[in-house]
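Participant: The following file, entry_6.cif, comprises mmCIF, C-alpha atoms:
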data_my_file
loop_
_atom_site.group_PDB
_atom_site.id
_atom_site.type_symbol
_atom_site.label_atom_id
_atom_site.label_comp_id
_atom_site.auth_asym_id
_atom_site.auth_seq_id
_atom_site.Cartn_x
_atom_site.Cartn_y
_atom_site.Cartn_z
ATOM 1 C CA MET A 269 -19.294 -1.620 11.865
ATOM 2 C CA ARG A 270 -22.097 0.805 11.152
ATOM 3 C CA ARG A 271 -21.535 3.866 8.981
ATOM 4 C CA ASP A 272 -24.073 6.642 8.494
ATOM 5 C CA PHE A 273 -22.679 8.485 5.462
ATOM 6 C CA LYS A 274 -23.939 11.895 4.406
ATOM 7 C CA SER A 275 -22.480 14.458 2.020
ATOM 8 C CA VAL A 276 -24.553 17.623 1.671
ATOM 9 C CA GLY A 277 -24.641 20.718 -0.516
ATOM 10 C CA GLU A 278 -24.943 21.419 -4.216
ATOM 11 C CA GLU A 279 -21.787 19.430 -4.964
ATOM 12 C CA ALA A 280 -22.571 16.413 -2.765
ATOM 13 C CA ILE A 281 -20.509 13.557 -4.186
ATOM 14 C CA ALA A 282 -22.843 10.715 -3.138
ATOM 15 C CA PRO A 283 -26.347 10.198 -1.731
ATOM 16 C CA PRO A 284 -26.856 9.446 1.969
ATOM 17 C CA VAL A 285 -25.926 5.793 2.573
ATOM 18 C CA ASP A 286 -26.300 3.485 5.569
ATOM 19 C CA GLN A 287 -23.560 0.858 5.616
ATOM 20 C CA ASN A 288 -23.446 -2.179 7.884
ATOM 21 C CA ALA A 289 -20.551 -4.607 8.007
ATOM 22 C CA PHE A 290 -19.770 -7.692 10.041
ATOM 23 C CA ALA A 291 -16.808 -10.056 9.932
ATOM 24 C CA VAL A 292 -15.461 -13.024 11.856
ATOM 25 C CA TYR A 293 -12.011 -14.509 11.400
ATOM 26 C CA GLY A 294 -9.587 -17.029 12.826
ATOM 27 C CA VAL A 295 -5.878 -17.806 12.513
ATOM 28 C CA GLU A 296 -3.961 -20.937 13.422
ATOM 29 C CA GLU A 297 -0.327 -22.043 13.447
ATOM 30 C CA LEU A 298 0.928 -25.638 13.630
ATOM 31 C CA LYS A 299 4.558 -26.219 14.568
ATOM 32 C CA PHE A 300 6.464 -29.336 13.592
ATOM 33 C CA GLU A 301 10.099 -30.311 13.949
ATOM 34 C CA ARG A 302 11.063 -29.268 10.421
ATOM 35 C CA LEU A 303 8.423 -26.705 9.430
ATOM 36 C CA ARG A 304 5.544 -24.471 10.473
ATOM 37 C CA LEU A 305 2.101 -24.267 8.879
ATOM 38 C CA GLN A 306 -0.136 -21.191 9.139
ATOM 39 C CA PHE A 307 -3.803 -20.858 8.197
ATOM 40 C CA GLY A 308 -6.341 -18.052 8.182
ATOM 41 C CA LEU A 309 -10.056 -17.794 7.431
ATOM 42 C CA ARG A 310 -12.336 -14.731 7.341
ATOM 43 C CA ALA A 311 -16.058 -14.406 6.552
ATOM 44 C CA GLU A 312 -17.481 -10.943 5.921
ATOM 45 C CA ARG A 313 -20.780 -9.289 5.013
ATOM 46 C CA ASN A 314 -21.302 -5.723 3.796
ATOM 47 C CA SER A 315 -24.650 -4.079 3.034
ATOM 48 C CA TYR A 316 -25.399 -0.624 1.640
ATOM 49 C CA ALA A 317 -28.753 1.166 1.772
ATOM 50 C CA PRO A 318 -28.586 4.473 -0.161
ATOM 51 C CA ALA A 319 -31.400 7.016 -0.097
ATOM 52 C CA THR A 320 -31.754 7.404 -3.867
ATOM 53 C CA ALA A 321 -29.990 4.446 -5.491
ATOM 54 C CA ARG A 322 -29.972 0.673 -5.603
ATOM 55 C CA SER A 323 -29.286 -1.169 -2.334
ATOM 56 C CA ARG A 324 -26.505 -3.761 -2.456
ATOM 57 C CA SER A 325 -25.204 -6.488 -0.140
ATOM 58 C CA PHE A 326 -22.142 -8.718 -0.397
ATOM 59 C CA THR A 327 -21.068 -11.827 1.506
ATOM 60 C CA GLY A 328 -17.791 -13.599 0.959
ATOM 61 C CA VAL A 329 -14.972 -15.654 2.441
ATOM 62 C CA SER A 330 -11.196 -15.159 2.351
ATOM 63 C CA ALA A 331 -8.637 -17.823 3.244
ATOM 64 C CA SER A 332 -4.887 -18.208 3.403
ATOM 65 C CA GLY A 333 -2.308 -20.916 3.944
ATOM 66 C CA GLY A 334 1.429 -20.703 4.428
ATOM 67 C CA ILE A 335 4.435 -22.917 5.063
ATOM 68 C CA TYR A 336 7.712 -21.915 6.754
ATOM 69 C CA VAL A 337 10.650 -24.269 6.130
ATOM 70 C CA PRO A 338 14.087 -23.746 7.716
ATOM 71 C CA ALA A 339 16.510 -24.293 4.829
ATOM 72 C CA TRP A 340 19.955 -23.564 6.305
ATOM 73 C CA ARG A 341 21.425 -22.069 9.452
ATOM 74 C CA ASN A 342 19.633 -18.732 10.072
ATOM 75 C CA GLY A 343 17.750 -19.117 6.773
ATOM 76 C CA ALA A 344 14.273 -20.160 5.700
ATOM 77 C CA VAL A 345 11.945 -20.433 2.706
ATOM 78 C CA VAL A 346 8.344 -19.251 3.084
ATOM 79 C CA PHE A 347 5.429 -19.839 0.711
ATOM 80 C CA ASN A 348 1.954 -18.305 1.096
ATOM 81 C CA TYR A 349 -1.276 -18.678 -0.853
ATOM 82 C CA THR A 350 -4.327 -16.453 -0.353
ATOM 83 C CA THR A 351 -7.757 -16.370 -1.872
ATOM 84 C CA SER A 352 -9.219 -12.991 -1.004
ATOM 85 C CA TYR A 353 -12.674 -11.468 -1.203
ATOM 86 C CA ARG A 354 -13.409 -7.726 -1.189
ATOM 87 C CA ALA A 355 -16.763 -6.008 -1.445
ATOM 88 C CA PRO A 356 -16.932 -2.747 -3.429
ATOM 89 C CA ALA A 357 -16.532 0.314 -1.225
ATOM 90 C CA LEU A 358 -19.315 2.826 -0.717
ATOM 91 C CA GLU A 359 -17.422 5.398 -2.787
ATOM 92 C CA GLU A 360 -16.902 2.952 -5.663
ATOM 93 C CA LEU A 361 -20.604 2.176 -5.843
ATOM 94 C CA TYR A 362 -22.268 5.554 -5.336
ATOM 95 C CA ASN A 363 -19.885 8.463 -5.906
ATOM 96 C CA HIS A 364 -20.942 10.767 -8.714
ATOM 97 C CA GLY A 365 -19.495 14.246 -8.462
ATOM 98 C CA PRO A 366 -16.411 16.388 -7.894
ATOM 99 C CA HIS A 367 -13.802 15.079 -5.491
ATOM 100 C CA LEU A 368 -11.608 18.081 -4.778
ATOM 101 C CA GLY A 369 -9.134 16.045 -2.726
ATOM 102 C CA ASN A 370 -7.829 14.349 -5.872
ATOM 103 C CA LEU A 371 -9.132 16.863 -8.440
ATOM 104 C CA THR A 372 -11.302 14.337 -10.254
ATOM 105 C CA PHE A 373 -14.979 14.006 -11.084
ATOM 106 C CA GLU A 374 -15.610 10.502 -9.756
ATOM 107 C CA ILE A 375 -18.203 8.275 -11.415
ATOM 108 C CA GLY A 376 -19.242 5.251 -9.373
ATOM 109 C CA ASN A 377 -21.045 2.160 -10.574
ATOM 110 C CA GLU A 378 -23.798 0.677 -8.403
ATOM 111 C CA ASN A 379 -23.628 -2.570 -10.435
ATOM 112 C CA LEU A 380 -20.051 -3.461 -9.433
ATOM 113 C CA GLU A 381 -19.430 -7.058 -8.343
ATOM 114 C CA ARG A 382 -17.180 -8.316 -5.583
ATOM 115 C CA GLU A 383 -13.432 -8.756 -6.165
ATOM 116 C CA ARG A 384 -11.828 -12.179 -5.909
ATOM 117 C CA GLY A 385 -8.070 -12.509 -5.756
ATOM 118 C CA HIS A 386 -5.646 -15.440 -5.842
ATOM 119 C CA GLY A 387 -2.188 -14.578 -4.535
ATOM 120 C CA PHE A 388 1.054 -16.558 -4.533
ATOM 121 C CA GLU A 389 4.072 -15.364 -2.564
ATOM 122 C CA LEU A 390 7.529 -16.931 -2.183
ATOM 123 C CA SER A 391 10.140 -15.535 0.221
ATOM 124 C CA VAL A 392 13.735 -16.416 1.026
ATOM 125 C CA ARG A 393 14.922 -15.075 4.390
ATOM 126 C CA HIS A 394 18.212 -14.946 6.275
ATOM 127 C CA SER A 395 18.893 -13.424 9.683
ATOM 128 C CA SER A 396 22.211 -13.507 11.526
ATOM 129 C CA ASP A 397 24.271 -11.220 13.739
ATOM 130 C CA ARG A 398 25.796 -9.443 10.740
ATOM 131 C CA VAL A 399 23.336 -9.875 7.868
ATOM 132 C CA ARG A 400 19.552 -9.647 7.641
ATOM 133 C CA ALA A 401 18.107 -10.262 4.172
ATOM 134 C CA GLU A 402 14.771 -11.054 2.555
ATOM 135 C CA LEU A 403 13.773 -11.542 -1.080
ATOM 136 C CA THR A 404 10.061 -11.892 -1.903
ATOM 137 C CA GLY A 405 8.304 -12.454 -5.207
ATOM 138 C CA PHE A 406 4.536 -12.330 -5.666
ATOM 139 C CA TYR A 407 1.971 -13.095 -8.361
ATOM 140 C CA ASN A 408 -1.659 -12.037 -7.888
ATOM 141 C CA LEU A 409 -4.595 -12.811 -10.159
ATOM 142 C CA MET A 410 -7.584 -10.529 -9.580
ATOM 143 C CA ASP A 411 -11.088 -11.279 -10.875
ATOM 144 C CA ASN A 412 -13.430 -8.260 -11.182
ATOM 145 C CA PHE A 413 -10.685 -5.910 -9.994
ATOM 146 C CA ILE A 414 -12.003 -2.403 -9.261
ATOM 147 C CA TYR A 415 -9.848 0.591 -10.211
ATOM 148 C CA LEU A 416 -10.359 4.313 -10.738
ATOM 149 C CA ALA A 417 -9.706 4.938 -14.430
ATOM 150 C CA PRO A 418 -9.132 8.530 -15.600
ATOM 151 C CA LEU A 419 -11.157 9.330 -18.721
ATOM 152 C CA ASP A 420 -10.270 11.582 -21.648
ATOM 153 C CA ARG A 421 -12.841 14.237 -20.822
ATOM 154 C CA ILE A 422 -13.548 17.073 -18.393
ATOM 155 C CA GLU A 423 -16.537 17.309 -16.026
ATOM 156 C CA ASP A 424 -17.130 20.517 -14.038
ATOM 157 C CA GLY A 425 -13.560 21.586 -14.770
ATOM 158 C CA LEU A 426 -12.108 18.317 -13.399
ATOM 159 C CA ILE A 427 -10.775 15.164 -15.039
ATOM 160 C CA ALA A 428 -13.550 12.577 -15.144
ATOM 161 C CA ALA A 429 -12.612 9.231 -13.576
ATOM 162 C CA ASP A 430 -14.695 6.074 -13.770
ATOM 163 C CA TYR A 431 -14.743 3.215 -11.256
ATOM 164 C CA ALA A 432 -14.165 0.405 -13.732
ATOM 165 C CA GLN A 433 -13.925 -3.352 -13.240
ATOM 166 C CA ALA A 434 -11.933 -5.986 -15.087
ATOM 167 C CA ASP A 435 -9.680 -8.998 -14.514
ATOM 168 C CA ALA A 436 -6.106 -7.989 -13.651
ATOM 169 C CA ARG A 437 -2.787 -9.439 -12.601
ATOM 170 C CA TYR A 438 0.007 -8.133 -10.393
ATOM 171 C CA LEU A 439 3.599 -9.385 -10.652
ATOM 172 C CA GLY A 440 6.386 -8.011 -8.502
ATOM 173 C CA ALA A 441 9.284 -8.441 -6.120
ATOM 174 C CA GLU A 442 10.749 -6.830 -3.021
ATOM 175 C CA ALA A 443 14.262 -7.152 -1.601
ATOM 176 C CA ARG A 444 15.874 -5.920 1.599
ATOM 177 C CA VAL A 445 19.439 -6.404 2.845
ATOM 178 C CA ASP A 446 20.858 -5.032 6.112
ATOM 179 C CA VAL A 447 24.605 -5.463 6.694
ATOM 180 C CA ALA A 448 26.447 -4.694 9.936
ATOM 181 C CA LEU A 449 29.480 -2.536 9.116
ATOM 182 C CA HIS A 450 30.226 -2.029 12.811
ATOM 183 C CA ARG A 451 28.607 -2.951 16.099
ATOM 184 C CA ASP A 452 26.597 0.297 16.011
ATOM 185 C CA LEU A 453 26.383 0.909 12.248
ATOM 186 C CA TRP A 454 24.257 -0.917 9.665
ATOM 187 C CA LEU A 455 23.987 -0.462 5.898
ATOM 188 C CA ASN A 456 20.359 -0.745 4.692
ATOM 189 C CA LEU A 457 19.519 -1.561 1.072
ATOM 190 C CA GLY A 458 16.033 -1.951 -0.410
ATOM 191 C CA PHE A 459 14.435 -2.512 -3.797
ATOM 192 C CA ASP A 460 10.898 -3.070 -5.103
ATOM 193 C CA LEU A 461 9.134 -3.369 -8.435
ATOM 194 C CA VAL A 462 5.621 -4.181 -9.603
ATOM 195 C CA ASP A 463 4.012 -4.760 -12.979
ATOM 196 C CA ALA A 464 0.202 -4.583 -13.057
ATOM 197 C CA GLN A 465 -1.938 -5.115 -16.143
ATOM 198 C CA LEU A 466 -5.467 -5.848 -17.277
ATOM 199 C CA ARG A 467 -5.366 -9.513 -18.198
ATOM 200 C CA GLN A 468 -7.434 -9.422 -21.385
ATOM 201 C CA SER A 469 -5.890 -6.348 -23.058
ATOM 202 C CA GLY A 470 -2.430 -6.194 -21.441
ATOM 203 C CA VAL A 471 -2.974 -2.488 -20.679
ATOM 204 C CA SER A 472 -1.116 -1.206 -17.617
ATOM 205 C CA LEU A 473 -3.235 -0.211 -14.644
ATOM 206 C CA PRO A 474 -3.212 3.434 -13.509
ATOM 207 C CA ARG A 475 -1.053 4.798 -10.667
ATOM 208 C CA ILE A 476 1.360 1.872 -10.372
ATOM 209 C CA PRO A 477 4.670 2.761 -8.645
ATOM 210 C CA PRO A 478 7.866 2.685 -10.708
ATOM 211 C CA VAL A 479 10.938 0.622 -9.845
ATOM 212 C CA ARG A 480 12.335 2.025 -6.603
ATOM 213 C CA GLY A 481 15.503 1.615 -4.556
ATOM 214 C CA ARG A 482 16.693 2.768 -1.161
ATOM 215 C CA ILE A 483 20.192 3.161 0.313
ATOM 216 C CA GLY A 484 20.615 4.160 3.927
ATOM 217 C CA PHE A 485 22.577 3.837 7.147
ATOM 218 C CA ASP A 486 21.379 3.118 10.673
ATOM 219 C CA LEU A 487 23.647 4.418 13.448
ATOM 220 C CA ARG A 488 22.665 3.518 17.005
ATOM 221 C CA ARG A 489 24.653 4.696 19.996
ATOM 222 C CA GLY A 490 22.896 4.276 23.312
ATOM 223 C CA PRO A 491 19.623 6.252 23.258
ATOM 224 C CA PHE A 492 20.587 8.052 20.015
ATOM 225 C CA ASN A 493 19.602 6.826 16.531
ATOM 226 C CA PHE A 494 20.570 8.515 13.241
ATOM 227 C CA ARG A 495 19.260 7.276 9.851
ATOM 228 C CA PRO A 496 20.238 9.040 6.598
ATOM 229 C CA GLU A 497 18.819 7.562 3.387
ATOM 230 C CA LEU A 498 18.730 8.100 -0.368
ATOM 231 C CA VAL A 499 15.511 7.174 -2.212
ATOM 232 C CA LEU A 500 15.749 6.418 -5.944
ATOM 233 C CA ALA A 501 12.785 6.041 -8.319
ATOM 234 C CA ASN A 502 12.944 5.131 -11.996
ATOM 235 C CA ARG A 503 10.908 6.765 -14.763
ATOM 236 C CA GLN A 504 7.416 5.282 -14.985
ATOM 237 C CA HIS A 505 6.635 4.633 -18.628
ATOM 238 C CA GLN A 506 4.231 1.693 -18.210
ATOM 239 C CA ILE A 507 1.081 3.776 -18.019
ATOM 240 C CA PHE A 508 -2.678 3.668 -18.481
ATOM 241 C CA PRO A 509 -3.769 5.181 -21.861
ATOM 242 C CA THR A 510 -4.997 8.428 -20.275
ATOM 243 C CA GLU A 511 -1.968 8.839 -17.982
ATOM 244 C CA THR A 512 1.296 10.646 -18.671
ATOM 245 C CA GLU A 513 4.792 9.377 -17.945
ATOM 246 C CA THR A 514 6.519 10.417 -14.718
ATOM 247 C CA ALA A 515 10.234 11.229 -14.627
ATOM 248 C CA GLY A 516 12.583 9.422 -12.267
ATOM 249 C CA TYR A 517 14.069 11.159 -9.269
ATOM 250 C CA ALA A 518 16.423 10.867 -6.308
ATOM 251 C CA THR A 519 15.822 12.481 -2.954
ATOM 252 C CA GLY A 520 17.483 12.309 0.451
ATOM 253 C CA ASN A 521 16.104 12.185 3.981
ATOM 254 C CA LEU A 522 17.689 12.499 7.431
ATOM 255 C CA MET A 523 16.022 11.065 10.544
ATOM 256 C CA ALA A 524 17.200 11.168 14.145
ATOM 257 C CA THR A 525 15.656 10.098 17.453
ATOM 258 C CA TYR A 526 16.667 10.276 21.097
ATOM 259 C CA VAL A 527 15.006 8.171 23.821
ATOM 260 C CA VAL A 528 14.775 9.041 27.508
ATOM 261 C CA THR A 529 13.474 6.139 29.620
ATOM 262 C CA THR A 530 12.153 6.240 33.174
ATOM 263 C CA GLN A 531 10.718 3.410 35.258
ATOM 264 C CA HIS A 532 7.363 3.215 33.439
ATOM 265 C CA ILE A 533 7.565 5.790 30.622
ATOM 266 C CA SER A 534 9.772 6.239 27.559
ATOM 267 C CA HIS A 535 10.035 9.652 25.890
ATOM 268 C CA LEU A 536 11.041 9.612 22.216
ATOM 269 C CA PHE A 537 12.140 12.904 20.621
ATOM 270 C CA GLY A 538 12.408 12.812 16.835
ATOM 271 C CA VAL A 539 13.370 15.051 13.946
ATOM 272 C CA ASN A 540 12.945 14.273 10.252
ATOM 273 C CA LEU A 541 14.530 16.412 7.535
ATOM 274 C CA PHE A 542 12.954 15.279 4.257
ATOM 275 C CA ASN A 543 13.833 16.062 0.623
ATOM 276 C CA VAL A 544 17.149 17.454 1.796
ATOM 277 C CA THR A 545 18.221 18.652 -1.671
ATOM 278 C CA ASP A 546 14.843 20.383 -2.260
ATOM 279 C CA ARG A 547 14.354 18.262 -5.381
ATOM 280 C CA LEU A 548 11.400 19.090 -7.641
ATOM 281 C CA TYR A 549 9.774 15.737 -8.434
ATOM 282 C CA ARG A 550 6.386 14.163 -9.045
ATOM 283 C CA ASN A 551 4.922 10.992 -7.587
ATOM 284 C CA HIS A 552 3.249 8.685 -10.112
ATOM 285 C CA LEU A 553 0.796 7.511 -7.432
ATOM 286 C CA SER A 554 -0.535 11.039 -6.935
ATOM 287 C CA PHE A 555 -3.887 11.977 -8.483
ATOM 288 C CA ILE A 556 -2.710 15.599 -8.777
ATOM 289 C CA LYS A 557 0.834 15.081 -10.074
ATOM 290 C CA GLU A 558 0.060 17.073 -13.228
ATOM 291 C CA VAL A 559 -0.619 20.265 -11.252
ATOM 292 C CA ALA A 560 1.286 19.740 -7.971
ATOM 293 C CA PRO A 561 4.731 18.209 -7.414
ATOM 294 C CA GLU A 562 5.683 16.577 -4.119
ATOM 295 C CA ILE A 563 6.558 18.709 -1.114
ATOM 296 C CA GLY A 564 9.969 20.391 -1.112
ATOM 297 C CA ARG A 565 12.568 20.516 1.642
ATOM 298 C CA GLY A 566 10.962 20.366 5.066
ATOM 299 C CA ILE A 567 11.507 19.445 8.685
ATOM 300 C CA ARG A 568 9.178 17.626 11.059
ATOM 301 C CA PHE A 569 9.540 17.336 14.838
ATOM 302 C CA SER A 570 7.817 14.656 16.908
ATOM 303 C CA TYR A 571 7.448 13.598 20.504
ATOM 304 C CA THR A 572 6.113 10.196 21.567
ATOM 305 C CA MET A 573 5.361 8.970 25.068
ATOM 306 C CA ASN A 574 5.053 5.220 25.722
ATOM 307 C CA PHE A 575 3.755 3.706 28.965
ATOM 308 C CA PHE A 576 4.703 0.219 30.109
#
Would you write out, as structure tokens, the structure that this file holds?

Facilitator:
Amino acid sequence: MRRDFKSVGEEAIAPPVDQNAFAVYGVEELKFERLRLQFGLRAERNSYAPATARSRSFTGVSASGGIYVPAWRNGAVVFNYTTSYRAPALEELYNHGPHLGNLTFEIGNENLERERGHGFELSVRHSSDRVRAELTGFYNLMDNFIYLAPLDRIEDGLIAADYAQADARYLGAEARVDVALHRDLWLNLGFDLVDAQLRQSGVSLPRIPPVRGRIGFDLRRGPFNFRPELVLANRQHQIFPTETETAGYATGNLMATYVVTTQHISHLFGVNLFNVTDRLYRNHLSFIKEVAPEIGRGIRFSYTMNFF
């Protein structure tokens, strides 16, 4: 990849930067009678040459290993380990100015180091004609984790935010259960939570999603598919010192599709009615949640053509 970055004008957020990146990777799976082993390896190099700042280059390797063990009829246990490398992004290194997309004055740091993560993931899965279920827990340790930290001051009328770096840890779980109530009707349940903190101080990281749940149905009859769902989010009170709490909410969505298939083309017509109850709510992941809630009731139409 080659990127020739330029932002111009009096409020240019970063200097001109030439970025070059190269990566090579491989994956492998070994199948045995009682288990499967999976491996991955990736080597990557990124270099940045800004016009008016310090040039930087980063080279690193990521690797992963996993084991899939059938544990009972239609069920399995899966364990994965990853050691991941990530170079700082151009914006994290060199931004210094107003970013009107997220209403912050971003302050980069050209001395940032690479991130190194160690991730552990354990999943229990079951799939049969009437029940599909998966429960996954994960624990990630991040060295030199880069995050955009809002500061307690104003720059050019915007909240100043600093690209900071510290060791962090992520702990969380995800669950999904689909149950067949009828040949054409499934009940879909979902749940996820994450707790992310700076390891040395125990301070919560900014913009971490709250505990969330999802209840929905999936009705399929021939080419017609109808999927109503209710999305539930808890109050987020585990916050970074300069953040504010976000109230919980519940909102509903309705999705429907109809497929017309010919010999070599499928035509998919879709409609999505979101935030059915026109609920006023704020998303804790949003940079602008203090001034702008999420979108109200709306409808979206789509058409997709697939060739085969």

Participant: Let me have the centre and edge lengths in Å, one decimal, of the box along x, y and z around every listed atom of stretch 490-500 of chain A with 6 Å of margin on each side, as AutoDock Vina command-line options.

Facilitator:
--center_x 19.2 --center_y 6.7 --center_z 8.7 --size_x 19.4 --size_y 16.8 --size_z 41.3

Participant: Residues near A:Glu278, anyone? I mean within 12 Å using all atoms listed in the file, not counting same-chain ones fewer than 3 positions away, as a VMD selection string.

Facilitator: chain A and resid 275 281 to 283 365 to 366

Participant: Pick from A:Leu358, A:Ile507, A:Ala311, A:Leu466: nearest to A:Leu553, with only C-alpha atoms counted?

Facilitator: A:Ile507

Participant: Need the shell around A:Val345: protein/DNA/RNA residues with any atom at most 9 Å away, counting only C-alpha atoms. Skip same-chain ones fewer than 3 positions apart. Format as a ChimeraX atom specification?

Facilitator: /A:335-339,390-393

Participant: A:Ala436, A:Ala429, A:Ala344, A:Val528: which is nearest A:Glu383, counting only C-alpha atoms?

Facilitator: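 Between A:Ala436, A:Ala429, A:Ala344, A:Val528, the residue approaching A:Glu383 most closely is A:Ala436.
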
Participant: Which residues, written as a ChimeraX atom specification, have at least one atom at most 8 Å from A:Gly334, with only C-alpha atoms counted and residues fewer than 5 positions away on the same chain left out?

Facilitator: /A:305-307,346-349
